[in-house]
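query-v6.cif (mmCIF, C-alpha atoms) appears below.
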data_entry
#
loop_
_atom_site.label_atom_id
_atom_site.label_comp_id
_atom_site.auth_asym_id
_atom_site.auth_seq_id
_atom_site.Cartn_x
_atom_site.Cartn_y
_atom_site.Cartn_z
CA MET A 1 -11.82 -4.02 23.38
CA SER A 2 -10.70 -0.42 23.53
CA ALA A 3 -8.40 1.06 20.94
CA PRO A 4 -4.76 1.03 22.08
CA SER A 5 -3.07 4.30 22.73
CA GLY A 6 -0.15 4.85 20.38
CA ARG A 7 1.04 8.31 21.30
CA GLY A 8 4.69 8.30 22.31
CA ARG A 9 4.93 4.52 22.08
CA ARG A 10 8.24 3.03 20.94
CA THR A 11 7.48 0.01 18.78
CA VAL A 12 9.85 -2.77 17.83
CA LEU A 13 9.81 -5.18 14.91
CA ALA A 14 11.44 -8.38 16.07
CA ALA A 15 13.90 -9.51 13.42
CA THR A 16 16.22 -12.24 14.63
CA GLY A 17 18.96 -12.79 12.07
CA LEU A 18 18.60 -9.29 10.60
CA VAL A 19 19.70 -7.38 13.65
CA ALA A 20 18.80 -7.84 17.28
CA ALA A 21 15.66 -5.84 16.51
CA LEU A 22 14.30 -3.51 13.87
CA ALA A 23 13.34 -0.45 15.87
CA LEU A 24 10.43 1.39 14.29
CA THR A 25 11.41 4.84 15.52
CA ALA A 26 9.93 8.12 14.38
CA THR A 27 12.55 10.15 12.54
CA ALA A 28 12.25 12.40 9.50
CA CYS A 29 12.95 11.44 5.89
CA GLY A 30 13.43 13.17 2.59
CA GLY A 31 10.59 16.51 -5.83
CA SER A 32 8.93 17.46 -8.42
CA GLU A 33 5.71 19.03 -9.55
CA GLU A 34 3.26 17.03 -11.63
CA ASP A 35 4.27 18.73 -14.89
CA GLU A 36 7.90 17.85 -14.24
CA ALA A 37 6.95 14.24 -13.52
CA LYS A 38 5.15 13.70 -16.83
CA GLY A 39 7.12 11.44 -19.12
CA LYS A 40 8.98 9.92 -16.18
CA PRO A 41 8.12 6.67 -14.41
CA ASP A 42 6.46 8.60 -11.56
CA ALA A 43 3.44 10.87 -11.70
CA THR A 44 1.07 12.18 -9.06
CA ALA A 45 -2.52 11.06 -9.06
CA SER A 46 -5.18 12.83 -7.11
CA ARG A 47 -8.00 13.59 -5.71
CA THR A 48 -10.95 12.43 -3.68
CA ALA A 49 -14.25 13.72 -2.53
CA ASP A 50 -15.32 14.36 1.02
CA SER A 51 -18.56 13.14 2.54
CA GLY A 52 -20.52 15.62 4.58
CA GLY A 53 -24.17 15.71 5.51
CA GLY A 54 -24.98 13.00 2.99
CA ARG A 55 -23.47 15.01 0.11
CA VAL A 56 -20.34 14.27 -1.87
CA THR A 57 -18.23 17.38 -2.26
CA VAL A 58 -15.50 17.49 -4.89
CA PRO A 59 -13.36 20.41 -6.07
CA SER A 60 -14.75 21.98 -9.22
CA ASP A 61 -11.86 20.86 -11.43
CA ILE A 62 -12.32 17.21 -10.44
CA ALA A 63 -16.09 17.46 -10.67
CA ASP A 64 -15.65 18.77 -14.20
CA ARG A 65 -13.41 15.84 -15.10
CA LEU A 66 -15.93 13.36 -13.71
CA LYS A 67 -18.65 15.12 -15.66
CA GLU A 68 -16.58 14.71 -18.81
CA HIS A 69 -16.61 10.96 -18.13
CA GLY A 70 -20.39 11.00 -17.76
CA ILE A 71 -20.32 10.41 -14.00
CA ASP A 72 -22.92 11.96 -11.71
CA VAL A 73 -20.92 12.79 -8.59
CA ASP A 74 -24.06 13.04 -6.44
CA LYS A 75 -24.91 9.43 -7.25
CA TRP A 76 -21.42 8.07 -6.57
CA LYS A 77 -21.96 7.59 -2.85
CA ASP A 78 -25.30 5.87 -3.47
CA GLY A 79 -23.71 3.01 -5.43
CA GLY A 80 -22.61 4.68 -8.64
CA TRP A 81 -19.04 3.62 -7.88
CA GLU A 82 -20.04 0.01 -8.67
CA ASN A 83 -20.23 0.87 -12.38
CA TRP A 84 -16.99 -0.53 -13.83
CA ASP A 85 -17.81 0.06 -17.50
CA ARG A 86 -14.65 0.91 -19.40
CA ASP A 87 -15.97 4.39 -20.15
CA LYS A 88 -16.75 4.97 -16.48
CA TRP A 89 -13.51 3.53 -15.09
CA LEU A 90 -11.26 6.52 -14.51
CA SER A 91 -7.64 5.88 -15.33
CA GLU A 92 -5.80 9.16 -15.77
CA ALA A 93 -3.62 10.37 -12.90
CA GLU A 94 -5.76 13.42 -12.24
CA ASP A 95 -9.00 11.38 -12.24
CA PHE A 96 -8.58 9.55 -8.91
CA VAL A 97 -11.70 10.00 -6.77
CA ASN A 98 -12.46 8.25 -3.48
CA PRO A 99 -15.38 9.73 -1.51
CA VAL A 100 -15.74 8.54 2.09
CA ILE A 101 -18.63 6.10 2.47
CA GLU A 102 -19.02 5.72 6.21
CA GLY A 103 -19.69 2.19 7.39
CA LEU A 104 -18.83 0.55 4.05
CA TRP A 105 -15.84 -1.39 5.37
CA LYS A 106 -17.39 -3.48 8.13
CA PRO A 107 -15.47 -6.43 9.69
CA ASP A 108 -17.24 -9.05 7.57
CA ARG A 109 -16.57 -7.15 4.35
CA MET A 110 -12.90 -6.89 5.27
CA LYS A 111 -12.67 -10.61 6.02
CA ASN A 112 -14.25 -11.45 2.65
CA ALA A 113 -11.87 -9.28 0.62
CA LYS A 114 -9.74 -11.27 -1.84
CA GLU A 115 -6.00 -10.94 -2.29
CA ALA A 116 -4.67 -8.65 -5.00
CA ASP A 117 -2.12 -11.08 -6.42
CA LYS A 118 0.51 -10.48 -9.13
CA THR A 119 1.86 -13.90 -10.10
CA VAL A 120 4.63 -14.29 -12.65
CA SER A 121 5.04 -17.41 -14.77
CA THR A 122 8.19 -19.52 -14.82
CA LYS A 123 8.83 -18.26 -18.35
CA ASP A 124 8.55 -14.62 -17.27
CA ALA A 125 10.70 -15.23 -14.21
CA SER A 126 13.53 -16.65 -16.34
CA ALA A 127 13.26 -14.03 -19.09
CA ALA A 128 16.20 -12.01 -17.79
CA GLU A 129 18.68 -14.77 -17.05
CA GLY A 130 22.08 -13.17 -16.83
CA VAL A 131 20.55 -10.09 -15.21
CA SER A 132 18.81 -11.86 -12.33
CA ASP A 133 20.70 -13.68 -9.60
CA PRO A 134 19.91 -17.37 -8.99
CA GLU A 135 16.50 -18.02 -7.52
CA PRO A 136 16.65 -17.90 -3.70
CA ALA A 137 15.63 -20.77 -1.45
CA GLN A 138 12.18 -20.36 0.05
CA VAL A 139 12.08 -18.71 3.48
CA ARG A 140 9.11 -19.72 5.60
CA ALA A 141 7.17 -16.69 6.81
CA VAL A 142 6.99 -16.25 10.58
CA GLY A 143 4.00 -14.77 12.36
CA GLU A 144 4.55 -11.35 13.95
CA LYS A 145 4.19 -11.11 17.73
CA THR A 146 0.98 -9.71 19.12
CA PRO A 147 -0.30 -7.20 19.87
CA TYR A 148 0.74 -5.77 16.53
CA HIS A 149 0.54 -2.18 17.76
CA GLU A 150 3.47 -2.93 20.10
CA ASN A 151 5.61 -4.89 17.62
CA ALA A 152 4.84 -3.53 14.14
CA ALA A 153 2.63 -0.47 14.55
CA PRO A 154 3.27 1.06 11.09
CA VAL A 155 2.09 -2.10 9.25
CA GLY A 156 -1.53 -2.57 8.20
CA LYS A 157 -3.91 -3.61 5.45
CA VAL A 158 -5.13 -1.71 2.39
CA PHE A 159 -8.70 -2.49 1.31
CA PHE A 160 -10.29 -1.44 -1.96
CA ASP A 161 -13.01 -2.34 -4.45
CA SER A 162 -12.15 -3.68 -7.92
CA PRO A 163 -14.39 -4.98 -10.73
CA GLU A 164 -13.98 -8.45 -9.17
CA GLY A 165 -15.18 -7.28 -5.77
CA PRO A 166 -13.57 -6.28 -2.43
CA ALA A 167 -9.79 -6.79 -2.46
CA VAL A 168 -6.91 -6.44 -0.03
CA CYS A 169 -3.21 -5.56 0.07
CA SER A 170 -0.77 -4.50 2.79
CA GLY A 171 0.76 -1.10 3.54
CA THR A 172 3.05 0.87 5.86
CA VAL A 173 2.76 4.22 7.64
CA ILE A 174 5.67 6.39 6.47
CA LYS A 175 7.10 9.68 7.71
CA ASP A 176 6.15 12.95 6.03
CA VAL A 177 9.34 14.99 5.83
CA ASN A 178 7.42 18.26 5.43
CA HIS A 179 5.03 17.54 8.31
CA PRO A 180 7.15 15.92 11.05
CA GLY A 181 5.22 13.98 13.64
CA ARG A 182 1.93 14.45 11.77
CA SER A 183 2.18 12.15 8.77
CA ASN A 184 -0.90 10.89 6.96
CA LEU A 185 1.07 8.99 4.32
CA VAL A 186 0.93 5.25 3.58
CA TRP A 187 3.27 3.33 1.27
CA THR A 188 1.90 0.41 -0.76
CA ALA A 189 2.11 -1.15 -4.25
CA GLY A 190 0.87 0.51 -7.43
CA HIS A 191 -1.27 -2.52 -8.25
CA CYS A 192 -3.15 -1.97 -4.97
CA VAL A 193 -4.47 1.38 -6.20
CA HIS A 194 -4.55 1.14 -10.01
CA ALA A 195 -5.13 -1.72 -12.48
CA GLY A 196 -2.27 -0.65 -14.74
CA SER A 197 -2.63 -0.77 -18.50
CA ASP A 198 -5.74 -2.98 -18.19
CA GLY A 199 -7.94 -0.46 -16.35
CA GLY A 200 -8.02 2.48 -14.00
CA TRP A 201 -8.17 3.55 -10.37
CA PHE A 202 -9.65 1.20 -7.79
CA ARG A 203 -12.27 2.57 -5.44
CA ASN A 204 -13.14 2.89 -1.75
CA LEU A 205 -9.46 2.68 -0.71
CA VAL A 206 -8.93 2.50 3.05
CA PHE A 207 -5.93 1.73 5.24
CA VAL A 208 -6.37 -0.22 8.50
CA PRO A 209 -3.25 -0.08 10.72
CA ALA A 210 -2.60 -3.00 13.12
CA TYR A 211 -5.47 -4.97 11.58
CA ASN A 212 -6.66 -7.75 13.94
CA ASP A 213 -4.28 -6.40 16.59
CA LEU A 214 -4.29 -9.54 18.74
CA GLY A 215 -3.88 -11.95 15.81
CA LYS A 216 -7.10 -13.80 16.59
CA SER A 217 -8.24 -16.81 14.54
CA GLU A 218 -11.24 -16.83 12.25
CA ALA A 219 -13.28 -18.64 14.89
CA GLU A 220 -12.30 -16.13 17.56
CA LEU A 221 -13.31 -13.29 15.24
CA SER A 222 -16.73 -14.72 14.39
CA ASN A 223 -18.43 -12.08 16.50
CA ALA A 224 -15.66 -9.49 16.51
CA ASN A 225 -16.51 -5.83 16.80
CA ALA A 226 -14.93 -3.07 14.76
CA ALA A 227 -12.41 -2.17 17.49
CA GLU A 228 -10.96 -5.71 17.49
CA ILE A 229 -10.56 -5.72 13.71
CA ALA A 230 -9.51 -2.09 13.28
CA PRO A 231 -8.11 -0.81 16.60
CA TYR A 232 -7.13 2.54 15.08
CA GLY A 233 -10.15 2.81 12.79
CA ASN A 234 -10.43 3.11 9.01
CA TRP A 235 -8.34 5.67 7.12
CA TRP A 236 -9.69 6.70 3.72
CA ALA A 237 -7.33 7.70 0.93
CA ASP A 238 -8.24 11.22 -0.14
CA TRP A 239 -5.29 11.42 -2.52
CA ALA A 240 -3.17 8.74 -4.19
CA SER A 241 -0.04 8.63 -6.31
CA THR A 242 1.49 5.86 -8.35
CA SER A 243 3.99 5.81 -11.18
CA ASN A 244 3.45 6.36 -14.88
CA GLY A 245 5.53 3.22 -15.27
CA TRP A 246 2.85 1.20 -13.45
CA ILE A 247 -0.12 2.96 -15.08
CA GLN A 248 1.27 2.41 -18.56
CA GLY A 249 3.01 -0.96 -18.16
CA GLY A 250 1.32 -2.81 -15.29
CA SER A 251 -0.40 -6.11 -16.06
CA PRO A 252 -1.97 -9.07 -14.20
CA SER A 253 1.49 -10.65 -13.94
CA GLY A 254 3.27 -7.40 -13.15
CA GLY A 255 4.58 -6.86 -16.66
CA ASP A 256 6.86 -3.97 -17.55
CA GLY A 257 5.28 -2.00 -14.70
CA ALA A 258 6.54 -4.31 -11.94
CA ALA A 259 9.77 -2.37 -11.53
CA TYR A 260 7.68 0.77 -10.89
CA ASP A 261 5.03 -0.92 -8.76
CA TYR A 262 4.82 1.48 -5.81
CA ALA A 263 2.29 4.01 -4.56
CA VAL A 264 1.70 6.56 -1.81
CA LEU A 265 -1.66 7.28 -0.20
CA HIS A 266 -2.63 10.37 1.74
CA VAL A 267 -5.31 9.30 4.21
CA LYS A 268 -7.77 10.78 6.67
CA PRO A 269 -9.72 9.06 9.46
CA GLU A 270 -13.30 8.01 8.94
CA GLN A 271 -13.79 9.28 12.49
CA GLY A 272 -11.58 11.73 14.38
CA ALA A 273 -9.10 14.47 13.56
CA LYS A 274 -5.61 13.37 14.70
CA SER A 275 -3.00 12.44 12.11
CA LEU A 276 -2.25 8.81 11.32
CA GLU A 277 1.26 9.02 12.78
CA GLU A 278 -0.03 10.54 16.01
CA THR A 279 -2.74 7.91 16.22
CA VAL A 280 -0.58 4.81 15.76
CA GLY A 281 2.43 6.37 17.48
CA ASN A 282 4.91 5.62 14.73
CA ALA A 283 5.97 5.92 11.10
CA LEU A 284 9.01 4.91 9.04
CA ASP A 285 11.48 6.83 6.92
CA VAL A 286 11.76 5.78 3.27
CA ASP A 287 15.20 4.94 1.88
CA PHE A 288 15.40 6.38 -1.64
CA SER A 289 19.11 5.62 -2.09
CA ALA A 290 18.26 2.47 -4.11
CA PRO A 291 21.21 0.43 -2.82
CA SER A 292 22.24 -2.52 -4.95
CA ALA A 293 21.17 -5.93 -3.70
CA ALA A 294 24.76 -6.63 -2.69
CA GLU A 295 24.97 -3.37 -0.71
CA ALA A 296 21.54 -3.49 0.90
CA GLY A 297 22.23 -6.16 3.50
CA ARG A 298 19.47 -8.31 4.94
CA MET A 299 15.88 -7.19 4.44
CA GLY A 300 12.58 -8.05 6.05
CA ALA A 301 9.21 -8.12 4.25
CA TRP A 302 6.07 -7.64 6.35
CA GLY A 303 2.45 -8.14 5.34
CA TYR A 304 -0.87 -9.94 5.66
CA PRO A 305 -0.84 -12.89 3.19
CA ALA A 306 -4.41 -13.86 2.32
CA ALA A 307 -4.16 -16.67 -0.27
CA PRO A 308 -3.87 -20.29 0.99
CA PRO A 309 -2.34 -21.54 3.21
CA TYR A 310 -2.88 -18.12 4.86
CA ASN A 311 -6.22 -16.42 5.41
CA GLY A 312 -5.31 -12.73 5.68
CA LEU A 313 -6.06 -12.43 9.38
CA GLN A 314 -2.51 -12.53 10.78
CA MET A 315 0.63 -10.52 10.08
CA PHE A 316 3.72 -12.37 8.86
CA LYS A 317 7.32 -11.53 7.97
CA CYS A 318 10.24 -12.98 5.99
CA LEU A 319 13.92 -12.14 6.50
CA ASP A 320 16.54 -12.76 3.82
CA ALA A 321 19.51 -11.31 1.95
CA PRO A 322 18.22 -9.89 -1.35
CA GLY A 323 19.37 -10.81 -4.82
CA ARG A 324 18.83 -9.10 -8.17
CA PHE A 325 15.75 -9.79 -10.27
CA SER A 326 14.49 -8.41 -13.57
CA LEU A 327 11.74 -9.40 -16.00
CA SER A 328 13.75 -7.99 -18.90
CA PRO A 329 17.29 -6.69 -19.53
CA SER A 330 15.70 -3.38 -20.56
CA LEU A 331 13.93 -2.91 -17.20
CA PRO A 332 15.38 -1.71 -13.88
CA THR A 333 16.58 -4.40 -11.51
CA MET A 334 14.31 -5.30 -8.59
CA TYR A 335 15.11 -6.90 -5.23
CA ARG A 336 14.20 -10.55 -4.67
CA ILE A 337 14.10 -12.51 -1.41
CA GLY A 338 13.00 -16.00 -0.46
CA CYS A 339 9.54 -15.89 1.14
CA SER A 340 6.45 -18.08 1.41
CA MET A 341 3.95 -15.21 1.76
CA THR A 342 1.13 -15.22 -0.78
CA GLY A 343 -1.23 -12.66 -2.32
CA GLY A 344 -2.51 -10.11 0.17
CA SER A 345 1.06 -9.36 1.24
CA SER A 346 1.34 -7.18 -1.89
CA GLY A 347 2.25 -3.62 -1.04
CA GLY A 348 3.68 -4.63 2.33
CA GLY A 349 6.86 -2.81 3.26
CA TRP A 350 10.40 -4.18 2.98
CA PHE A 351 12.64 -2.87 5.75
CA ARG A 352 16.38 -2.69 6.33
CA VAL A 353 18.58 -1.06 8.94
CA ARG A 354 20.48 2.04 7.80
CA ASP A 355 22.64 4.02 10.21
CA GLY A 356 21.08 2.12 13.09
CA LYS A 357 17.49 2.94 12.10
CA THR A 358 14.81 0.88 10.39
CA VAL A 359 13.78 2.31 7.03
CA LEU A 360 11.41 1.21 4.26
CA VAL A 361 13.44 0.24 1.20
CA SER A 362 10.89 -1.50 -1.05
CA ASN A 363 7.46 -3.14 -1.13
CA THR A 364 6.12 -6.51 -2.24
CA SER A 365 5.19 -6.47 -5.93
CA ILE A 366 5.29 -9.90 -7.59
CA GLY A 367 5.96 -13.57 -6.83
CA PRO A 368 5.77 -17.00 -8.52
CA LEU A 369 2.94 -19.53 -8.54
CA ASP A 370 4.69 -21.75 -5.99
CA ASN A 371 5.17 -18.85 -3.51
CA THR A 372 8.87 -19.42 -2.96
CA TRP A 373 10.04 -15.81 -3.33
CA LEU A 374 8.93 -12.19 -3.56
CA ALA A 375 10.27 -9.30 -5.64
CA GLY A 376 9.98 -5.57 -5.02
CA PRO A 377 11.08 -2.37 -6.80
CA GLN A 378 14.15 -0.32 -6.03
CA LEU A 379 13.11 3.12 -4.83
CA GLY A 380 15.24 5.81 -6.43
CA ALA A 381 14.91 9.40 -7.67
CA ASP A 382 11.57 8.88 -9.42
CA ALA A 383 9.98 7.32 -6.34
CA GLU A 384 11.35 10.14 -4.21
CA ALA A 385 9.92 12.76 -6.60
CA LEU A 386 6.50 11.11 -6.31
CA TYR A 387 6.78 11.08 -2.51
CA GLN A 388 7.95 14.70 -2.30
CA ASN A 389 5.16 15.90 -4.54
CA MET A 390 2.59 14.10 -2.39
CA SER A 391 4.09 15.53 0.79
CA LYS A 392 4.37 19.12 -0.44
CA THR A 393 1.06 19.26 -2.27
CA TYR A 394 -1.25 17.26 0.00
CA GLY A 395 0.58 16.49 3.25
CA GLY A 396 -0.73 19.48 5.17
CA GLN A 397 -4.37 18.84 4.30
#
Written form, structure tokens:
Amino acid sequence: MSAPSGRGRRTVLAATGLVAALALTATACGGSEEDEAKGKPDATASRTADSGGGRVTVPSDIADRLKEHGIDVDKWKDGGWENWDRDKWLSEAEDFVNPVIEGLWKPDRMKNAKEADKTVSTKDASAAEGVSDPEPAQVRAVGEKTPYHENAAPVGKVFFDSPEGPAVCSGTVIKDVNHPGRSNLVWTAGHCVHAGSDGGWFRNLVFVPAYNDLGKSEAELSNANAAEIAPYGNWWADWASTSNGWIQGGSPSGGDGAAYDYAVLHVKPEQGAKSLEETVGNALDVDFSAPSAAEAGRMGAWGYPAAPPYNGLQMFKCLDAPGRFSLSPSLPTMYRIGCSMTGGSSGGGWFRVRDGKTVLVSNTSIGPLDNTWLAGPQLGADAEALYQNMSKTYGGQ
């Protein structure tokens, strides 16, 4: 199967009941420097190495930081990244490092990746009664139409390595306001890039847009080639940003960091030179106005659920009117919608229509054990500062 051509393509996200259709058009969207971000929920995290001629090349400042942690950069590509000792697990914002390892993410490795799930207990979910709206009725997820590159081109999967092994989330190609038409930015969840207060940065992060483009079954993919699984190729994160709120407060159940559980990746192709937006033919604006649940209107959540009864191979969506949700009266309110999607859909974009255009308004963060609903953060000034810093500092590289 040849890779589909995305240039100039107008893609549509079918969304009956939300509007006639969510049109994924390519229009521009709308900071602070890292020093200004310190002490706020959002802070920029960077930087990765590049792979060239069998060598791992890192800027001197990052190489020095890795050296301080006792890490031999030259050995990283040869398997040193598999050392997850606490002293070797980089956690500070400026310590992110993600050298390209060509051929690491083969189809079988992708299919075996486990969902990065953040499940809240009934007790946690009811902790903010009086702040949260009543629990929504479950909405059954509906499979997206294939081929995905014609119906939901900006949506894809985020793969990474954790101490437990290969893991997977979902993500969305977003516009880069400072580099119109040439975005290399991907929106996902903070817990898909960083372990929160329990650890540090995950490794070998890649984004795969329109994963399994034709929505084939496991049996049909038994002998699939790379083009069938990853029609636009693998895009390695060479920079990443998440919030201080997630880094400091994130936990296996979301914790205090759930309300700040968002991240932005800057990616580059494992092969090729065109930008991600040019390659897939589309990207979405991000809505940083943080509308209240009552003002937001209906929303749609898209992603690749991987925990049973799903297997991570197909793209699904849920459409619902959001309600308010909070894990504590002291934490910002999140959005919550009814949805049956499971782990693996984490980081997937939530979309709404604003001024006739589809925009990303949140991302999947947490859900309950019985998979009846999903909750995602409101994206306000802090999220916009993180995004702007990523765009201005790294977007042109």
Task: Interatomic distance, atom CA of Lys317 of chain A to atom CA of Phe159 of chain A (Å, one decimal) - done: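 Atom CA of Phe159 of chain A lies at a distance of 19.6 Å from atom CA of Lys317 of chain A.
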TODO: Measuring atom to atom with only C-alpha atoms, identify which of A:Ser340, A:Gln378, A:Ala237, A:Asp287 is nearest to Asp261 of chain A.
DONE: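 Among the listed residues, A:Gln378 lies closest to Asp261 of chain A.
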- [ ] Between atom CA of Tyr310 of chain A and atom CA of Gly343 of chain A, measure the distance and give it in Å to one decimal.
- [x] 9.2 Å
Open item on the list: Could you tell me how far atom CA of Val100 of chain A sits from atom CA of Leu66 of chain A, in Å to one decimal place?
Closed with: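 Going from atom CA of Leu66 of chain A over to atom CA of Val100 of chain A covers 16.5 Å.
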Set out as JSON lines a contact list for segment 66-118 of chain A and segment 212-231 of chain A with a cut-off of 9 Å, giving each residue of segment 66-118 of chain A that qualifies its closest atom pair and distance in Å to one decimal, counting all atoms listed in the file, ordered by chain and rising residue number.
{"residue": "A:Lys106", "atom": "CA", "partner": "A:Ala226", "partner_atom": "CA", "distance": 7.1}
{"residue": "A:Pro107", "atom": "CA", "partner": "A:Ala226", "partner_atom": "CA", "distance": 6.1}
{"residue": "A:Asp108", "atom": "CA", "partner": "A:Ser222", "partner_atom": "CA", "distance": 8.9}
{"residue": "A:Met110", "atom": "CA", "partner": "A:Ile229", "partner_atom": "CA", "distance": 8.8}
{"residue": "A:Lys111", "atom": "CA", "partner": "A:Glu218", "partner_atom": "CA", "distance": 8.9}
Task: Non-local contacts of Asp320 of chain A (10 Å; only C-alpha atoms; under 5 positions in same chain excluded) as a PyMOL selection string - done: chain A and resi 17-18+136-139+297-301+336-339
Task: Result set, the PyMOL selection byres ((chain A and resi 192-198) around 6) on current file, as JSON, numbers by chain - done: {"A": [189, 190, 191, 199, 200, 201, 202, 246, 247, 248, 249, 250, 251]}
TODO: For Tyr335 of chain A, work out the shell of residues within 7 Å, counting all atoms listed in the file and skipping chain neighbours fewer than 2 positions away, then give it as a ChimeraX atom specification.
DONE: /A:293,322-325,333,337,375-378
- [ ] Show which residues sit within 6 Å of Thr119 of chain A, as a ChimeraX atom specification. Count all atoms listed in the file, and ignore same-chain residues fewer than 2 positions away.
- [x] /A:253,366-369
Those same residues - C-alpha atoms - I'd like them written as a PDB file, in the frame of the given file.
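Resulting contents of out.pdb:
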ATOM      1  CA  SER A 253       1.490 -10.650 -13.940  1.00  0.00           C
ATOM      2  CA  ILE A 366       5.290  -9.900  -7.590  1.00  0.00           C
ATOM      3  CA  GLY A 367       5.960 -13.570  -6.830  1.00  0.00           C
ATOM      4  CA  PRO A 368       5.770 -17.000  -8.520  1.00  0.00           C
ATOM      5  CA  LEU A 369       2.940 -19.530  -8.540  1.00  0.00           C
TER       6      LEU A 369
END
Task: Given only C-alpha atoms as the counted atoms, nearest of A:Thr393, A:Leu386, A:Ala210, A:Val97 to Thr146 of chain A - done: A:Ala210
TODO: In the coordinates of the file, take the point (4.6, 2.4, 14.6) and a cut-off of 7 Å; then, counting all atoms listed in the file, name each qualifying protein, DNA or RNA residue as a PyMOL selection string.
DONE: chain A and resi 11+24+149+152-154+280-283
Please produce a file of those selected residues containing C-alpha atoms, as a short mmCIF file (atom, residue, chain, number, x, y, z; two decimals), in the coordinates of the input.
data_model
loop_
_atom_site.label_atom_id
_atom_site.label_comp_id
_atom_site.auth_asym_id
_atom_site.auth_seq_id
_atom_site.Cartn_x
_atom_site.Cartn_y
_atom_site.Cartn_z
CA THR A 11 7.48 0.01 18.78
CA LEU A 24 10.43 1.39 14.29
CA HIS A 149 0.54 -2.18 17.76
CA ALA A 152 4.84 -3.53 14.14
CA ALA A 153 2.63 -0.47 14.55
CA PRO A 154 3.27 1.06 11.09
CA VAL A 280 -0.58 4.81 15.76
CA GLY A 281 2.43 6.37 17.48
CA ASN A 282 4.91 5.62 14.73
CA ALA A 283 5.97 5.92 11.10
#
Task: Selection result of the PyMOL selection byres ((chain A and resi 92) around 9) on this file, as JSON, numbers by chain - done: {"A": [45, 90, 91, 93, 94, 95, 96, 200, 201, 247]}
Task: Protein and nucleic acid residues near (-6.0, -18.3, 2.7) (cut-off 12 Å, all atoms listed in the file) as a VMD selection string - done: chain A and resid 111 to 115 218 304 to 314 341 to 345
Open item on the list: Going by the chain IDs and residue numbers used in this file, which residues fall under the PyMOL selection byres ((chain A and resi 346) around 6)? Write them as a ChimeraX atom specification.
Closed with: /A:169-170,344-345,347-348,364-365
Task: Of the listed residues A:Ile71, A:Leu327, A:Val142, A:Ala273, that which approaches Trp84 of chain A most closely, counting only C-alpha atoms - done: A:Ile71
Open item on the list: When you look at Pro332 of chain A with a cut-off of 12 Å (counting all atoms listed in the file), what residues show up, excluding the ones that are within fewer than 6 positions of it in the same chain? I need them as an MDAnalysis selection string.
Closed with: chainID A and resid 41 128 131:132 245 256:261 290 292 324:326 376:380
